[in-house]
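For reference, coords.cif (mmCIF, C-alpha atoms):
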data_run
#
loop_
_atom_site.group_PDB
_atom_site.id
_atom_site.type_symbol
_atom_site.label_atom_id
_atom_site.label_comp_id
_atom_site.auth_asym_id
_atom_site.auth_seq_id
_atom_site.Cartn_x
_atom_site.Cartn_y
_atom_site.Cartn_z
ATOM 1 C CA LEU A 1 -0.507 -26.358 13.654
ATOM 2 C CA SER A 2 2.077 -24.640 15.835
ATOM 3 C CA THR A 3 4.634 -27.370 15.080
ATOM 4 C CA ALA A 4 3.925 -27.161 11.353
ATOM 5 C CA LEU A 5 4.392 -23.397 11.330
ATOM 6 C CA MET A 6 7.648 -23.634 13.242
ATOM 7 C CA GLN A 7 8.928 -26.214 10.754
ATOM 8 C CA THR A 8 8.076 -23.791 7.961
ATOM 9 C CA ASN A 9 9.994 -21.100 9.815
ATOM 10 C CA ALA A 10 13.059 -23.340 10.081
ATOM 11 C CA HIS A 11 13.250 -23.205 6.293
ATOM 12 C CA GLY A 12 13.021 -19.410 6.289
ATOM 13 C CA GLY A 13 9.504 -19.215 4.874
ATOM 14 C CA LEU A 14 7.385 -17.883 7.725
ATOM 15 C CA LEU A 15 6.119 -14.337 7.986
ATOM 16 C CA LEU A 16 4.707 -13.521 11.421
ATOM 17 C CA LEU A 17 2.067 -10.900 12.113
ATOM 18 C CA PRO A 18 0.982 -10.660 15.766
ATOM 19 C CA PRO A 19 -2.541 -12.144 16.040
ATOM 20 C CA THR A 20 -3.998 -9.062 17.704
ATOM 21 C CA LEU A 21 -5.683 -6.048 16.163
ATOM 22 C CA LEU A 22 -2.708 -5.906 13.818
ATOM 23 C CA GLY A 23 -3.424 -8.837 11.578
ATOM 24 C CA HIS A 24 -2.847 -12.421 10.551
ATOM 25 C CA VAL A 25 -0.341 -15.208 10.965
ATOM 26 C CA TRP A 26 0.596 -17.128 7.847
ATOM 27 C CA PRO A 27 3.308 -19.059 6.014
ATOM 28 C CA PRO A 28 3.790 -17.828 2.441
ATOM 29 C CA GLU A 29 1.710 -20.426 0.616
ATOM 30 C CA ARG A 30 -1.269 -20.967 2.931
ATOM 31 C CA GLY A 31 -3.175 -18.744 5.292
ATOM 32 C CA VAL A 32 -4.023 -18.885 8.966
ATOM 33 C CA THR A 33 -6.331 -15.953 9.568
ATOM 34 C CA GLY A 34 -8.392 -14.402 12.298
ATOM 35 C CA LEU A 35 -7.830 -12.343 15.403
ATOM 36 C CA ARG A 36 -8.579 -15.113 17.935
ATOM 37 C CA VAL A 37 -5.476 -17.237 17.453
ATOM 38 C CA CYS A 38 -4.782 -19.201 20.628
ATOM 39 C CA LYS A 39 -2.322 -17.766 23.124
ATOM 40 C CA GLN A 40 -0.108 -20.839 23.010
ATOM 41 C CA LEU A 41 0.322 -20.583 19.232
ATOM 42 C CA ARG A 42 1.186 -16.935 19.564
ATOM 43 C CA ARG A 43 3.717 -17.674 22.316
ATOM 44 C CA ASP A 44 5.366 -20.441 20.284
ATOM 45 C CA LEU A 45 5.563 -18.254 17.197
ATOM 46 C CA MET A 46 7.073 -15.357 19.093
ATOM 47 C CA LEU A 47 9.756 -17.550 20.605
ATOM 48 C CA ASN A 48 10.737 -19.277 17.381
ATOM 49 C CA CYS A 49 10.409 -16.744 14.564
ATOM 50 C CA SER A 50 13.230 -14.630 13.179
ATOM 51 C CA ARG A 51 11.040 -12.390 11.020
ATOM 52 C CA ILE A 52 8.074 -10.244 11.932
ATOM 53 C CA THR A 53 5.740 -8.281 9.710
ATOM 54 C CA LEU A 54 3.322 -5.861 11.347
ATOM 55 C CA VAL A 55 0.317 -4.746 9.357
ATOM 56 C CA GLN A 56 -2.517 -2.524 10.506
ATOM 57 C CA LYS A 57 -5.587 -4.533 9.532
ATOM 58 C CA SER A 58 -8.281 -1.896 10.021
ATOM 59 C CA ARG A 59 -8.433 1.885 10.066
ATOM 60 C CA SER A 60 -8.599 1.944 13.838
ATOM 61 C CA THR A 61 -5.843 3.628 15.814
ATOM 62 C CA LEU A 62 -2.554 1.772 15.989
ATOM 63 C CA ASN A 63 -2.083 -0.191 19.181
ATOM 64 C CA GLN A 64 1.511 0.839 19.812
ATOM 65 C CA SER A 65 1.798 -0.888 23.189
ATOM 66 C CA THR A 66 0.752 -4.195 21.596
ATOM 67 C CA CYS A 67 3.395 -3.780 18.886
ATOM 68 C CA LEU A 68 6.116 -3.183 21.452
ATOM 69 C CA GLU A 69 4.962 -6.084 23.593
ATOM 70 C CA ASP A 70 5.182 -8.420 20.612
ATOM 71 C CA ILE A 71 8.573 -7.139 19.470
ATOM 72 C CA ARG A 72 10.163 -7.493 22.916
ATOM 73 C CA ARG A 73 9.475 -11.235 22.737
ATOM 74 C CA LEU A 74 11.348 -11.717 19.497
ATOM 75 C CA PRO A 75 14.917 -13.022 19.148
ATOM 76 C CA GLN A 76 17.648 -10.413 18.858
ATOM 77 C CA HIS A 77 18.487 -10.857 15.174
ATOM 78 C CA MET A 78 15.328 -10.276 13.192
ATOM 79 C CA LYS A 79 13.693 -8.880 10.106
ATOM 80 C CA VAL A 80 10.891 -6.363 10.526
ATOM 81 C CA SER A 81 8.361 -5.052 8.007
ATOM 82 C CA LEU A 82 5.917 -2.337 9.024
ATOM 83 C CA ARG A 83 2.796 -1.360 7.074
ATOM 84 C CA TRP A 84 0.382 1.208 8.411
ATOM 85 C CA LYS A 85 -2.689 2.495 6.593
ATOM 86 C CA GLU A 86 -3.173 5.519 8.839
ATOM 87 C CA LYS A 87 -1.348 8.756 8.113
ATOM 88 C CA ASN A 88 0.710 10.692 10.674
ATOM 89 C CA GLU A 89 1.936 7.515 12.387
ATOM 90 C CA ALA A 90 5.626 8.378 12.017
ATOM 91 C CA THR A 91 6.302 8.691 15.732
ATOM 92 C CA LYS A 92 4.693 5.315 16.422
ATOM 93 C CA LEU A 93 6.688 3.657 13.659
ATOM 94 C CA ALA A 94 9.865 5.118 15.130
ATOM 95 C CA ALA A 95 8.948 3.881 18.607
ATOM 96 C CA VAL A 96 8.521 0.337 17.313
ATOM 97 C CA VAL A 97 11.828 0.444 15.429
ATOM 98 C CA GLU A 98 13.620 1.791 18.494
ATOM 99 C CA GLU A 99 12.748 -1.386 20.385
ATOM 100 C CA CYS A 100 14.462 -3.557 17.764
ATOM 101 C CA LYS A 101 18.024 -3.367 19.035
ATOM 102 C CA GLY A 102 19.162 -6.421 17.065
ATOM 103 C CA LEU A 103 17.396 -5.405 13.873
ATOM 104 C CA THR A 104 19.063 -6.635 10.673
ATOM 105 C CA HIS A 105 16.327 -6.038 8.042
ATOM 106 C CA LEU A 106 13.900 -3.116 8.112
ATOM 107 C CA ASP A 107 11.194 -2.671 5.485
ATOM 108 C CA LEU A 108 9.117 0.522 5.717
ATOM 109 C CA SER A 109 8.224 0.652 2.044
ATOM 110 C CA GLY A 110 4.988 2.265 0.950
ATOM 111 C CA ASN A 111 4.238 4.016 4.236
ATOM 112 C CA ASN A 112 4.460 7.583 2.916
ATOM 113 C CA ILE A 113 6.374 8.663 6.024
ATOM 114 C CA GLY A 114 7.493 11.890 4.364
ATOM 115 C CA THR A 115 10.101 14.283 5.697
ATOM 116 C CA GLU A 116 8.763 14.128 9.249
ATOM 117 C CA GLY A 117 8.913 10.361 9.326
ATOM 118 C CA ALA A 118 12.442 10.358 7.941
ATOM 119 C CA GLY A 119 13.468 12.596 10.820
ATOM 120 C CA HIS A 120 11.928 10.310 13.445
ATOM 121 C CA LEU A 121 13.459 7.284 11.771
ATOM 122 C CA ALA A 122 16.913 8.834 11.584
ATOM 123 C CA ALA A 123 16.807 9.509 15.308
ATOM 124 C CA VAL A 124 16.275 5.839 16.190
ATOM 125 C CA LEU A 125 18.383 4.183 13.492
ATOM 126 C CA ARG A 126 21.559 5.259 15.252
ATOM 127 C CA GLY A 127 20.951 2.454 17.713
ATOM 128 C CA CYS A 128 20.522 -0.197 15.011
ATOM 129 C CA LYS A 129 24.156 -1.154 14.653
ATOM 130 C CA ALA A 130 23.395 -4.552 13.107
ATOM 131 C CA LEU A 131 21.159 -3.186 10.315
ATOM 132 C CA THR A 132 22.135 -4.640 6.932
ATOM 133 C CA HIS A 133 18.980 -4.097 4.815
ATOM 134 C CA LEU A 134 16.878 -0.924 4.711
ATOM 135 C CA ASP A 135 13.917 -0.520 2.351
ATOM 136 C CA LEU A 136 12.255 2.920 2.250
ATOM 137 C CA ARG A 137 10.773 2.804 -1.238
ATOM 138 C CA GLY A 138 7.673 4.869 -1.871
ATOM 139 C CA ASN A 139 7.899 7.155 1.157
ATOM 140 C CA ALA A 140 8.259 10.634 -0.361
ATOM 141 C CA ILE A 141 11.027 11.632 2.031
ATOM 142 C CA GLY A 142 12.318 14.313 -0.347
ATOM 143 C CA VAL A 143 15.522 16.306 -0.057
ATOM 144 C CA GLU A 144 15.098 17.182 3.614
ATOM 145 C CA GLY A 145 14.460 13.567 4.504
ATOM 146 C CA ALA A 146 17.566 12.528 2.587
ATOM 147 C CA GLU A 147 19.621 15.037 4.550
ATOM 148 C CA MET A 148 18.367 13.586 7.846
ATOM 149 C CA LEU A 149 19.115 10.022 6.799
ATOM 150 C CA ALA A 150 22.538 10.867 5.401
ATOM 151 C CA GLY A 151 23.987 11.544 8.837
ATOM 152 C CA VAL A 152 22.794 8.170 10.087
ATOM 153 C CA LEU A 153 23.817 6.105 7.059
ATOM 154 C CA GLU A 154 27.395 7.149 7.608
ATOM 155 C CA GLU A 155 27.281 5.308 10.940
ATOM 156 C CA CYS A 156 25.577 2.173 9.557
ATOM 157 C CA LYS A 157 28.761 0.238 8.925
ATOM 158 C CA ALA A 158 26.906 -3.031 8.267
ATOM 159 C CA MET A 159 24.530 -1.599 5.626
ATOM 160 C CA ALA A 160 24.628 -3.852 2.559
ATOM 161 C CA HIS A 161 21.267 -3.282 0.801
ATOM 162 C CA LEU A 162 19.657 0.162 0.557
ATOM 163 C CA THR A 163 16.426 0.812 -1.345
ATOM 164 C CA LEU A 164 15.334 4.435 -1.772
ATOM 165 C CA CYS A 165 13.371 4.311 -5.008
ATOM 166 C CA SER A 166 10.332 6.576 -5.537
ATOM 167 C CA ASN A 167 11.216 9.108 -2.856
ATOM 168 C CA ARG A 168 11.320 12.404 -4.790
ATOM 169 C CA LEU A 169 15.006 12.843 -4.040
ATOM 170 C CA GLY A 170 15.921 14.760 -7.174
ATOM 171 C CA ALA A 171 19.488 15.767 -7.946
ATOM 172 C CA GLN A 172 19.945 17.563 -4.639
ATOM 173 C CA GLY A 173 18.777 14.638 -2.498
ATOM 174 C CA VAL A 174 20.972 12.162 -4.347
ATOM 175 C CA GLY A 175 23.882 14.564 -4.015
ATOM 176 C CA VAL A 176 23.459 14.646 -0.235
ATOM 177 C CA LEU A 177 23.343 10.865 -0.033
ATOM 178 C CA ALA A 178 26.235 10.378 -2.438
ATOM 179 C CA ARG A 179 28.583 12.143 -0.034
ATOM 180 C CA VAL A 180 28.038 9.479 2.648
ATOM 181 C CA LEU A 181 26.851 6.312 0.885
ATOM 182 C CA TRP A 182 30.341 5.341 -0.121
ATOM 183 C CA LYS A 183 31.351 5.334 3.534
ATOM 184 C CA CYS A 184 29.098 2.289 3.997
ATOM 185 C CA GLU A 185 31.986 -0.118 3.671
ATOM 186 C CA VAL A 186 29.948 -3.194 2.693
ATOM 187 C CA LEU A 187 27.231 -1.575 0.560
ATOM 188 C CA ALA A 188 26.421 -4.072 -2.210
ATOM 189 C CA ARG A 189 22.965 -3.084 -3.541
ATOM 190 C CA LEU A 190 21.670 0.440 -4.112
ATOM 191 C CA ASP A 191 18.286 1.263 -5.625
ATOM 192 C CA LEU A 192 17.694 4.926 -6.502
ATOM 193 C CA SER A 193 15.209 4.353 -9.308
ATOM 194 C CA THR A 194 12.308 6.723 -10.037
ATOM 195 C CA ASN A 195 13.742 9.709 -8.218
ATOM 196 C CA ARG A 196 14.017 12.233 -11.068
ATOM 197 C CA ILE A 197 17.713 12.776 -10.459
ATOM 198 C CA GLY A 198 18.415 13.915 -14.036
ATOM 199 C CA VAL A 199 21.802 14.731 -15.501
ATOM 200 C CA GLU A 200 22.923 16.679 -12.457
ATOM 201 C CA GLY A 201 22.054 13.862 -10.073
ATOM 202 C CA ALA A 202 23.921 11.339 -12.209
ATOM 203 C CA GLY A 203 26.980 13.568 -12.035
ATOM 204 C CA ARG A 204 26.795 13.909 -8.266
ATOM 205 C CA LEU A 205 26.384 10.168 -7.853
ATOM 206 C CA ALA A 206 29.379 9.516 -10.093
ATOM 207 C CA GLU A 207 31.588 11.634 -7.848
ATOM 208 C CA GLY A 208 31.485 8.977 -5.142
ATOM 209 C CA MET A 209 30.815 5.775 -7.039
ATOM 210 C CA GLY A 210 34.431 5.012 -7.798
ATOM 211 C CA LYS A 211 35.116 4.824 -4.066
ATOM 212 C CA CYS A 212 32.493 2.131 -3.491
ATOM 213 C CA THR A 213 34.516 -1.004 -4.049
ATOM 214 C CA THR A 214 31.789 -3.386 -2.832
ATOM 215 C CA LEU A 215 28.849 -2.117 -4.927
ATOM 216 C CA ALA A 216 27.468 -5.035 -6.956
ATOM 217 C CA CYS A 217 23.972 -3.886 -8.030
ATOM 218 C CA LEU A 218 22.950 -0.359 -8.976
ATOM 219 C CA ASP A 219 19.437 0.577 -10.135
ATOM 220 C CA LEU A 220 19.043 4.036 -11.686
ATOM 221 C CA SER A 221 16.055 3.281 -13.903
ATOM 222 C CA GLU A 222 13.430 5.948 -14.655
ATOM 223 C CA ASN A 223 15.565 8.934 -13.731
ATOM 224 C CA SER A 224 15.781 10.933 -16.982
ATOM 225 C CA ILE A 225 19.558 11.008 -16.992
ATOM 226 C CA GLY A 226 19.856 10.932 -20.801
ATOM 227 C CA ALA A 227 23.052 10.486 -22.781
ATOM 228 C CA VAL A 228 24.810 13.289 -20.887
ATOM 229 C CA GLY A 229 24.099 11.610 -17.566
ATOM 230 C CA VAL A 230 25.376 8.309 -18.929
ATOM 231 C CA ARG A 231 28.588 10.025 -19.966
ATOM 232 C CA ARG A 232 29.148 11.231 -16.411
ATOM 233 C CA LEU A 233 28.509 7.792 -14.975
ATOM 234 C CA ALA A 234 30.676 6.115 -17.598
ATOM 235 C CA ARG A 235 33.762 7.900 -16.320
ATOM 236 C CA VAL A 236 33.680 5.855 -13.092
ATOM 237 C CA LEU A 237 31.992 2.592 -14.118
ATOM 238 C CA GLY A 238 35.342 1.000 -14.803
ATOM 239 C CA ASP A 239 36.376 1.712 -11.206
ATOM 240 C CA CYS A 240 33.422 -0.257 -9.823
ATOM 241 C CA LYS A 241 35.180 -3.588 -9.952
ATOM 242 C CA ALA A 242 32.455 -5.475 -8.054
ATOM 243 C CA LEU A 243 29.550 -4.220 -10.199
ATOM 244 C CA THR A 244 27.597 -7.192 -11.584
ATOM 245 C CA ARG A 245 24.238 -5.566 -12.389
ATOM 246 C CA LEU A 246 23.410 -2.116 -13.758
ATOM 247 C CA ASP A 247 19.886 -0.940 -14.588
ATOM 248 C CA LEU A 248 19.568 2.220 -16.698
ATOM 249 C CA SER A 249 16.132 1.465 -18.116
ATOM 250 C CA VAL A 250 13.714 4.238 -19.108
ATOM 251 C CA ASN A 251 16.305 7.017 -19.093
ATOM 252 C CA GLY A 252 16.133 8.277 -22.664
ATOM 253 C CA ILE A 253 19.786 7.570 -23.356
ATOM 254 C CA GLY A 254 19.224 6.924 -27.078
ATOM 255 C CA ALA A 255 21.846 5.678 -29.517
ATOM 256 C CA GLU A 256 24.365 8.201 -28.209
ATOM 257 C CA GLY A 257 24.126 6.899 -24.655
ATOM 258 C CA ALA A 258 24.403 3.303 -25.829
ATOM 259 C CA GLY A 259 27.563 4.212 -27.713
ATOM 260 C CA ILE A 260 29.043 5.837 -24.605
ATOM 261 C CA LEU A 261 28.334 2.703 -22.581
ATOM 262 C CA ALA A 262 29.833 0.517 -25.273
ATOM 263 C CA ASP A 263 33.138 2.342 -24.949
ATOM 264 C CA VAL A 264 33.485 1.536 -21.232
ATOM 265 C CA LEU A 265 31.791 -1.846 -20.830
ATOM 266 C CA GLY A 266 35.017 -3.635 -21.637
ATOM 267 C CA ASN A 267 36.418 -2.301 -18.354
ATOM 268 C CA CYS A 268 33.478 -3.645 -16.344
ATOM 269 C CA THR A 269 34.868 -7.149 -16.065
ATOM 270 C CA ALA A 270 32.390 -8.354 -13.416
ATOM 271 C CA LEU A 271 29.249 -7.016 -15.116
ATOM 272 C CA ALA A 272 26.790 -9.855 -15.776
ATOM 273 C CA ARG A 273 23.517 -8.020 -16.332
ATOM 274 C CA LEU A 274 22.848 -4.715 -18.088
ATOM 275 C CA GLU A 275 19.269 -3.456 -18.412
ATOM 276 C CA LEU A 276 18.495 -0.791 -21.006
ATOM 277 C CA ARG A 277 14.800 -1.314 -21.745
ATOM 278 C CA GLN A 278 12.782 1.560 -23.202
ATOM 279 C CA ASN A 279 15.719 3.775 -24.107
ATOM 280 C CA SER A 280 15.172 4.141 -27.846
ATOM 281 C CA ILE A 281 18.717 3.051 -28.625
ATOM 282 C CA GLY A 282 17.642 1.833 -32.056
ATOM 283 C CA ALA A 283 19.733 -0.122 -34.539
ATOM 284 C CA GLU A 284 22.674 2.260 -34.196
ATOM 285 C CA GLY A 285 22.841 1.860 -30.429
ATOM 286 C CA ALA A 286 22.445 -1.886 -30.702
ATOM 287 C CA ASP A 287 25.316 -2.075 -33.172
ATOM 288 C CA SER A 288 27.538 -0.105 -30.778
ATOM 289 C CA LEU A 289 26.768 -2.449 -27.930
#
Would you mind writing the file out in structure tokens?
Amino acid sequence: LSTALMQTNAHGGLLLLPPTLLGHVWPPERGVTGLRVCKQLRRDLMLNCSRITLVQKSRSTLNQSTCLEDIRRLPQHMKVSLRWKEKNEATKLAAVVEECKGLTHLDLSGNNIGTEGAGHLAAVLRGCKALTHLDLRGNAIGVEGAEMLAGVLEECKAMAHLTLCSNRLGAQGVGVLARVLWKCEVLARLDLSTNRIGVEGAGRLAEGMGKCTTLACLDLSENSIGAVGVRRLARVLGDCKALTRLDLSVNGIGAEGAGILADVLGNCTALARLELRQNSIGAEGADSL
């Protein structure tokens, strides 16, 4: 079984959860469950896996020391996903992340860490120089949390994929991030969907977008930017030479917004995918496009 799992890992398919109070060990298509997994299997997995996912299985208190013990055994370059059911675990999450000096992928989505958690996270991310992917979707970090993260993101020179959807950022939070995001020299994917940024937020984002020469995918869906917001973004879309995918779905842009986009799309020579679902563009907007 150990050999089979390691072969699965060699093809990039294995997700590892320490077989302690924290959860299960399984490859993506079949399960190996239970808390009493043999020590040898655990040792082999720890020595050979490049990705770890920690999940709190029950509502009992997080065993932080066990988490850290498991993480210290992992290879330097790794991907980590953390899922805790208990609230107020921000400091423990931060302690686990701090141990991951060679961290490349960090997924904290759906943990509801809030402003406090964003602060703890920001404090430890400064040491994650190799971080390329950060997923914080669904964490309600708000404006204050965005301000705390902004100072750190400026130092994350390797950051390529950043997901901040569903975080209640609003126009002010996006404005704070926009001032530093474009200093991430290799940023390729940015997801700011479902943040209620509105027209003002679209304008603030546009102020820095033209400077981001590596941005390939931008998701601004469900943000109520309307036709006016599209107009502000349109002014810089032509400068985003690497942009291949743009999602403006569910923004109420209407026929007017579609017409504005139509005027600038000819300058977006790399654009391969444009998503405009649920925007009520109608026949007039479709004709413009």
inquiry  = I need the output of the PyMOL selection byres ((chain A and resi 201) around 9) for this file as an MDAnalysis selection string; which residues are they?
reply    = chainID A and resid 170:175 196:200 202:206 223 225 229
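The space separating atom CA of A:Asn112 from atom CA of A:Leu192 comes to 16.5 Å.
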Residues matched by the PyMOL selection byres ((chain A and resi 98) around 9) as a compact mmCIF listing (two decimals) with C-alpha atoms, keeping the file's coordinate frame:
# COMPACT_ATOMS: atom_id res chain seq x y z
CA LEU A 93 6.69 3.66 13.66
CA ALA A 94 9.86 5.12 15.13
CA ALA A 95 8.95 3.88 18.61
CA VAL A 96 8.52 0.34 17.31
CA VAL A 97 11.83 0.44 15.43
CA GLU A 99 12.75 -1.39 20.39
CA CYS A 100 14.46 -3.56 17.76
CA LYS A 101 18.02 -3.37 19.04
CA LEU A 121 13.46 7.28 11.77
CA ALA A 123 16.81 9.51 15.31
CA VAL A 124 16.27 5.84 16.19
CA LEU A 125 18.38 4.18 13.49
CA GLY A 127 20.95 2.45 17.71
CA CYS A 128 20.52 -0.20 15.01
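Coordinates place atom CA of A:Cys217 at a distance of 20.2 Å from atom CA of A:Asp263.
Among the candidates A:Leu106, A:Leu218, A:Leu274, A:Leu169, the one nearest to A:Ala188 when counting only C-alpha atoms is A:Leu218.
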Residues matched by the PyMOL selection byres ((chain A and resi 231) around 12) as an MDAnalysis selection string = chainID A and resid 199:200 202:203 206 225:230 232:237 253 256:264
Residues from last step as file, C-alpha atoms, as a JSON list (two decimals), in the coordinates of the input:
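Once written, again.json looks like this:
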[["chain", "number", "residue", "atom", "x", "y", "z"],
["A", 199, "VAL", "CA", 21.80, 14.73, -15.50],
["A", 200, "GLU", "CA", 22.92, 16.68, -12.46],
["A", 202, "ALA", "CA", 23.92, 11.34, -12.21],
["A", 203, "GLY", "CA", 26.98, 13.57, -12.04],
["A", 206, "ALA", "CA", 29.38, 9.52, -10.09],
["A", 225, "ILE", "CA", 19.56, 11.01, -16.99],
["A", 226, "GLY", "CA", 19.86, 10.93, -20.80],
["A", 227, "ALA", "CA", 23.05, 10.49, -22.78],
["A", 228, "VAL", "CA", 24.81, 13.29, -20.89],
["A", 229, "GLY", "CA", 24.10, 11.61, -17.57],
["A", 230, "VAL", "CA", 25.38, 8.31, -18.93],
["A", 232, "ARG", "CA", 29.15, 11.23, -16.41],
["A", 233, "LEU", "CA", 28.51, 7.79, -14.98],
["A", 234, "ALA", "CA", 30.68, 6.12, -17.60],
["A", 235, "ARG", "CA", 33.76, 7.90, -16.32],
["A", 236, "VAL", "CA", 33.68, 5.86, -13.09],
["A", 237, "LEU", "CA", 31.99, 2.59, -14.12],
["A", 253, "ILE", "CA", 19.79, 7.57, -23.36],
["A", 256, "GLU", "CA", 24.36, 8.20, -28.21],
["A", 257, "GLY", "CA", 24.13, 6.90, -24.66],
["A", 258, "ALA", "CA", 24.40, 3.30, -25.83],
["A", 259, "GLY", "CA", 27.56, 4.21, -27.71],
["A", 260, "ILE", "CA", 29.04, 5.84, -24.60],
["A", 261, "LEU", "CA", 28.33, 2.70, -22.58],
["A", 262, "ALA", "CA", 29.83, 0.52, -25.27],
["A", 263, "ASP", "CA", 33.14, 2.34, -24.95],
["A", 264, "VAL", "CA", 33.48, 1.54, -21.23]]
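Separating atom CA of A:Lys129 from atom CA of A:Leu190 is a distance of 19.0 Å.
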message = Using only C-alpha atoms for the distances, tell me which of A:His105, A:Lys211, A:Arg245, A:Arg179 is nearest to A:Leu162.
response = A:His105
message = Using all atoms listed in the file - which residues lie no farther than 6 Å from the point (11.4, 1.4, -2.1) in the file's frame? Write them as a PyMOL selection string.
response = chain A and resi 109+135-138+163-165
query = Could you name the residues that touch A:Lys157 at 8 Å or less, counting all atoms listed in the file, but leaving out those on the same chain fewer than 5 positions away, as a ChimeraX atom specification?
reply = /A:129,183-186
